[in-house]
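**Q** Can you keep this structure in mind? I'll have questions shortly.
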Amino acid sequence: MDEYRFIREWVKAKHTRGVVFDFDGTLAQLVVNWNELRSVLQSTFSVPLHGINEIFEYIKNNYAPEVLSQAYRLVETYELARIEEAQINTPLIRLAQELHHQQHQLAIFSNNMQKTVNCLLEKVKIATWFDPIITKERVAFYKPHPEGLQMILHHWHYQEDEILFIGNDENDTQSGSRAGIATILI
């Protein structure tokens, strides 16, 4: 069974030149205790908010850059702690390989940390397929803000209708919509 046939058909029908993938929940499934991480971030940085992205926005707006770097390192530690247990979405990786061989540009736009994304991509020997890789520490605004997708558009010199974004949640849908880029949730 070809569970991503509809994506292949979309890419062909729309003459898509570039495909952007979300990371956690899309290309891979990380094993992270997000609730524990959220609690640690809240208590460590005295943040009254609950969403991880809200917590980072609060830290970014209320603390020195060094504190934000410290928070990023904490998230990285949690993301990497059980990286060996992460599950790869093999059918979607096969699709990415096919698109790569067909000369489509591939990128990643993720709210995860760069080191986490690189570690897993290198583990499955596909890191060179994706350029650029836009992660939490490379953007001023996190998803659902479209900044990361706009950076990819600029990097590739493509128009919005030449790109497809593949994600797994409402943040991805909103990012794509705000950037004017077609988005498919899996």
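Starting from 1 in every chain, residues are counted up; chains themselves are A, B, ... following the order of the structure tokens, and ligands are numbered from 1 as listed.
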Sorted by chain and rising residue number, list the residues of stretch 57-98 of chain A at most 12 Å from stretch 10-20 of chain A (counting only C-alpha atoms), each with its closest atom pair and distance in Å to one decimal, as JSON lines.

**A**
```
{"residue": "A:Leu92", "atom": "CA", "partner": "A:Val19", "partner_atom": "CA", "distance": 11.9}
{"residue": "A:Leu95", "atom": "CA", "partner": "A:Val19", "partner_atom": "CA", "distance": 10.6}
{"residue": "A:Ala96", "atom": "CA", "partner": "A:Val19", "partner_atom": "CA", "distance": 8.5}
{"residue": "A:Gln97", "atom": "CA", "partner": "A:Val19", "partner_atom": "CA", "distance": 11.6}
{"residue": "A:Glu98", "atom": "CA", "partner": "A:Val11", "partner_atom": "CA", "distance": 11.6}
```

**Q** With only C-alpha atoms as the counted atoms, please give the residues lying no more than 12 Å from A:Leu80, apart from itself and same-chain residues fewer than 4 positions off, as a PDB file with C-alpha atoms, in the first residue's frame.

**A**
```pdb
ATOM      1  CA  LEU A  30      10.613  11.733  19.183  1.00  0.00           C
ATOM      2  CA  VAL A  31      10.330  10.214  22.641  1.00  0.00           C
ATOM      3  CA  VAL A  32      10.201  13.259  24.900  1.00  0.00           C
ATOM      4  CA  ASN A  33       8.322  13.810  28.133  1.00  0.00           C
ATOM      5  CA  ARG A  73      20.007  23.772  25.947  1.00  0.00           C
ATOM      6  CA  LEU A  74      17.470  22.374  28.391  1.00  0.00           C
ATOM      7  CA  VAL A  75      15.065  21.490  25.554  1.00  0.00           C
ATOM      8  CA  GLU A  76      17.924  19.991  23.565  1.00  0.00           C
ATOM      9  CA  GLU A  84      17.827   6.263  20.074  1.00  0.00           C
ATOM     10  CA  GLU A  85      14.173   5.388  20.736  1.00  0.00           C
ATOM     11  CA  ALA A  86      12.823   7.830  18.139  1.00  0.00           C
ATOM     12  CA  ASN A 112      12.609  21.207  17.507  1.00  0.00           C
ATOM     13  CA  MET A 113      16.263  21.978  18.144  1.00  0.00           C
ATOM     14  CA  GLN A 114      18.865  21.910  15.356  1.00  0.00           C
ATOM     15  CA  LYS A 115      21.085  19.361  17.090  1.00  0.00           C
ATOM     16  CA  THR A 116      18.140  16.984  17.550  1.00  0.00           C
ATOM     17  CA  VAL A 117      17.083  17.211  13.918  1.00  0.00           C
ATOM     18  CA  ASN A 118      20.658  16.820  12.644  1.00  0.00           C
ATOM     19  CA  CYS A 119      21.327  13.851  14.934  1.00  0.00           C
ATOM     20  CA  LEU A 120      18.375  11.860  13.647  1.00  0.00           C
TER      21      LEU A 120
END
```

**Q** Check the smallest atom-to-atom distance from each of A:Phe130, A:Trp156, A:Tyr63, A:Tyr142 to A:Ser110 using only C-alpha atoms, then report the winner.

**A**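 Distance minimum relative to A:Ser110 lands on A:Tyr142.
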
**Q** May I have the residues within 12 Å of A:Glu54 as a compact mmCIF listing (two decimals) with C-alpha atoms, in the first residue's frame, using only C-alpha atoms and disregarding those fewer than 2 positions away in the same chain?

**A**
```txt
# COMPACT_ATOMS: atom_id res chain seq x y z
CA ARG A 38 7.12 22.12 30.30
CA LEU A 41 10.85 25.28 32.01
CA GLN A 42 8.04 26.90 34.01
CA VAL A 47 7.09 31.40 33.58
CA PRO A 48 3.33 31.51 34.22
CA LEU A 49 2.41 30.12 30.77
CA HIS A 50 1.73 26.53 29.71
CA GLY A 51 2.56 26.06 26.03
CA ILE A 52 6.23 25.44 25.25
CA PHE A 56 9.89 30.55 24.93
CA GLU A 57 8.21 33.75 23.77
CA TYR A 58 8.00 34.83 27.42
CA ILE A 59 11.66 34.03 28.05
CA LYS A 60 12.70 35.78 24.84
CA ASN A 61 10.75 38.93 25.77
CA PHE A 141 8.99 33.60 15.91
CA TYR A 142 7.97 29.97 16.36
CA LYS A 143 5.20 28.11 14.57
CA PRO A 144 2.44 28.89 13.86
```

**Q** Would you pick out the contacts of stretch 166-180 of chain A at 12 Å or less, using only C-alpha atoms, so that residues sharing its chain but fewer than 2 positions from it are not included, and give the list as a ChimeraX atom specification?

**A** /A:4,6-8,10-11,18-29,53,92,95-96,106-111,141-154,159-164,182-186

**Q** Would you give me, as a PyMOL selection string, the residues in chain A that DSSP reads as helix (DSSP H, G or I)?

**A** chain A and resi 5-13+34-45+52-62+65-81+83-85+90-101+114-123+127-129+136-138+147-156+160-162+170-179

**Q** Report, in Å to a single decimal, how far apart atom CA of A:Thr135 and atom CA of A:Tyr78 are.

**A**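 Answer for the atom CA of A:Tyr78 to atom CA of A:Thr135 separation: 15.7 Å.
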
**Q** Taking into account only C-alpha atoms, which residue in the set A:Asn89, A:Tyr72, A:Val67, A:Leu37 is nearest to A:Glu137?

**A**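 Looking at the shortest contact to A:Glu137, the residue is A:Tyr72.
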
**Q** To one decimal place in Å, what is the distance between atom CA of A:Ser46 and atom CA of A:Glu66?

**A** 15.6 Å
